[in-house]
Amino acid sequence: MEDTVSHSSVDSALDEFVLVNAEPRLHIAGNGGFGELEQKLSELLSDDFNNPNSVLSGPPVRMSILSTGTEKSVATCLENGTKTEDVVIADSDAKKDLEKETPVVETKNSFNNMNVDAKISDEAKAQNLILPDGMTSSQIDLGCDCTIFTGVTYLGSAAVNAPRSEAEINRNMAVFNDQSKMAIPVVLSVPNHSEGIVYLIDPNTDMEISRYPILRILFCARGPADTSEHRCFAFTSSHGESAESAIFQCHLFRCDGQEVNVAKILFSFAAAFQHVPKSPSVASESSVIGDHSFNFSVALEFKEVDAKGNFVACPKDKNVFKLRCNVEKKICIVVTQSNQSRELKIERCFGLLISPGRNVKDSDMHLIDMVSMGVGSDQRSYVISANWDPTDPSTKILNTETPKDTRVFLTVAVDLVVEGIQEPVRFLVETRAKIFPTSERFWYFTTRPHIEQFILKLKEVSCEDINLSASKNQMPQYEVVSIESRTELERKKNFSLSFPTMASSTPSDRGSPTEGEAEESDGDEPLQSGSGVVSKDVMDENLLDSWRDVMGRWHQNLKQRPKQVQSLARKGIPEALRGEVWQLLAGCTDDADMLDAYRILIAKDSPAEPVIMRDINRIFPANDYFRESGGLGQDALFKISKAYSVYDEEINYCQGVSFLAASLLLHMPEEQAFCVLVKIMFEYGLRDLFKQNFEGLHLKFYQLERLMQEHLPDLFDHFMDLGLEAHMYASQWFLTLFTAKFPLFMVFHILDLFLSDGIETIFIIALALLKTSRKDLLALDFEGVLKYFRVQLPKKYRAEDASKELLQLAISLKVSSKRLKKFEKDYVALKEAQLQQEDPVDRLQRENKRLLEANMRLEQENDDLAHELVTSKITLRRDLDESEDRCDVLNKELLQTKAQLLDTEDEMKRLELESQQLKEVCRRELDRAEAESVRNQAITLDYKQICSQLSERLEKQQVAHKEELVRMKSLLENCDSCSKLVAPDGRLKTIGVEHLTSNIDPNLLEKESVIRELELELAQTKLALVEAECKNQDLVHQLNSAIVELQTSKSTWFQKTLTSIKEATAKSKDNNKEGREKDNNKEGREMSRKDSFN
């Protein structure tokens, strides 16, 4: 964000001081006195005058060093809307002090911008600015740069929430004046115009200690009269990067010397606020830059394609560009040189680059395509435009939607080729952007470009150093010394101001926050309940051994608590044992009656159910177990809260009970958690805080305040001065046992102490919290204290070590029950005294008011109940009508079902009759098939026997034929005439048919014909067998089809019938085969008979 201020905002300083975002610098230097400062300045300035090259040579310059004393009260209250022209120092005593003569020391100025040679009186009178008596025109001048005051001591600074609250400044003034041990003697330099800077200077070394721009100072005041702070004064200033995140600090001073006048110092501040310089700051700085320094203004603008395809300027909110993702963009840059005696001509643009982030390296920059470049219409500016595709992976961050309340930095670099400069000149513009979805629409925005001022420092080089061509053009040549932006210069000047109490710490201690703090730093957002991770690891093995021994003895005798339990509980119960130990401490380990009662209670209705459902999402939202809406954690917490509201009708429901129940649920089942909750409420006295209009809670507040008065009297007085009562910050502490805001590891340790020591634990924890935060609370006002308790205090203990230190401090504090009893008696006596002192009329009026409120509340409840009753009746009537309509529909469906049932019964009877008939038919067919099977089996046996006989006969005949053939061949070989017919290999030779026929035996021919006939019959039989098998396969296929149909019909008796048919068919098949074999055997026997007969 730019740390610059427009002239319009400067002009408005006359009515309302402008908040400018920056942080002052602070250098802690050694002490010194007025004499040493005067001596050193005189020596330094005399040396400068003797040096002819010194910028201070010439006529002496007159500078006023004011140092006069005052002891009366003068407050310059620069409130919002109060004009500084009307600031009048009206205190008569102060005027008397101002009448004292102020010594003016003639010296030479050692500061370049301190020139105090002009007069003010006439101009001041013309502007109705009243000068205090005794202040001369040479002591302050509207035309000079500053006025110097010595004898001033810097007491320190403190953070404030109300920067324009005089009461808060006076409180801080009293605290620092009494307690500050790091006071620093300084020389105070107050400027004479609204754009100047207040300097704190070390009087010994003339080194700058700190600086505060006038436009960042909001309020000035001095200490009250007749107090030790009457010599003190203070002013408040703002620090931060933006108006939303700005913090305010009060800087306090004391005038120790007799010559210093507080009223004159405050009058100088008023004059500084009143006067605005005529020339802008940019022009004033140009004279310091030198002949070879050039000022450039670079304007950056982003454009996006709209629905019509045109490029329109992207909106900007608080110097943050609003960009859409996945939309083509154009970057436009306008470079303009400020008015100077010599202008540098820009020849061309060498390249345009972009990169996410800031302080990026050159290698991280990405070149984009330029569209156009050239001189602008005014002939003084140079305009460059380039297209940027945001979908490029190198700029993915700038094309990703940013989360809520976050921004991204981006850097745009433009490289320009400038005439007379050998190398390109790069201007780096850093800005911020927020990336929105593509469909996002923006309203009420500004489209002004982002403007950055640059100072280009060049060094002239000789022509011999470069080349001879330059001498021909008679153009001076430069090389770049540095390029600095004004934002970067301001950033270097500003860094955080440390408090005086931190001056003794090393720089490394104050440098950067720890990693945990950096991660958890979330501004002014309160710490969510249920945050913090609780580790179950225990590093101390001796502690585990001690608990193991104690638990063993405790379980043997549950009625007697071991003595070591209290000391062990103060060290912290191990997380793995907490659930069991808490039940033992509360005495509800075997409470079966309460467990049974809980199961009954959760089934009942509670009038507080809507309130419980409303609060359920606010209980431990940072814990995963309770985060999911409708999850297991929220369901169990709802049951416990509902059950307790039914169980304790007097208290009913309170949100504080839910926080306590949630802590218990993280360590035990809901039944045991309910038992422990009941024990805590009834036996530990927590229930008494909720009864009788919270009378018990107010008693605890009174006791806490009395304890504060004894242990922390200064903090108690501070709270009394602020009007801050205990109920404003400690209500949650008592009602929730610190479970609502603090981290879980701290909450569980507090519950360890509470269950072990009782309700006195709340007081010692509260005192420890107040004691550790004492210094912070003393420096805050009413609103600041409340915000501290709500936000900063819980965050202080996000680290487990910090919470352990707090609890150790709490354990060391002693709060006796006798003391609390005494405070209780005092409270009762105080209440009785108040009642006695009260006017009876007032008491009756208050009682009447209370009764009227109760009556109105009861009437409201009556109206709510009546409304609920009417609503319930309407709902019941509607439900009844719906039920009757549903009943009619069900009756019609019942009648239809009965009719369908009768039809089904008739159909079943018909099917049963058909099934009986089918069974009878199947039985007859089965008998017939069995008879046929028996017959076929007999035929098959006969056929097999015939076939076997034929086979034997055929084999015998073949053997006989072979023997006969052998015998015939041997006869032929032995016969001389017939041996010619036999070949050497045993075969017969071919001879004439007549010859063979005449020589063949007729019996042999007949036997061969018989063999051929038998072979023919055998072939026919085999063919018949194949046909029978084919028919059998057809029958098997039909049988399988019938089986499938039977399986579809799911009829058991029919399946059995088909199975029997299948078996009968198989038997008939076998019988058919046997019959065929018998037929063949018969035919064979008949043929053999015929052969034998022949």
# chains A, B, ... in the order shown; residues from 1 in each chain; ligands from 1
$ residues_around --residues "Leu767 of chain A" --least-positions-apart "5" --cutoff "8 Å" --atoms "only C-alpha atoms" --output "NGL selection string"
:A and (707-708 or 810)
$ select_by_dssp --residues "segment 190-259 of chain A" --states "strand (DSSP E)" --output "VMD selection string"
chain A and resid 190 to 191 197 to 201 208 to 213 217 to 222 232 to 239 247 to 255
$ closest_residue --among "A:Asp206, A:Asp721, A:Glu1008, A:Glu861" --to "Ala167 of chain A" --atoms "only C-alpha atoms"
A:Asp721
$ atom_distance --atom1 "atom CA of Gln1038 of chain A" --atom2 "atom CA of Thr1059 of chain A"
13.1 Å
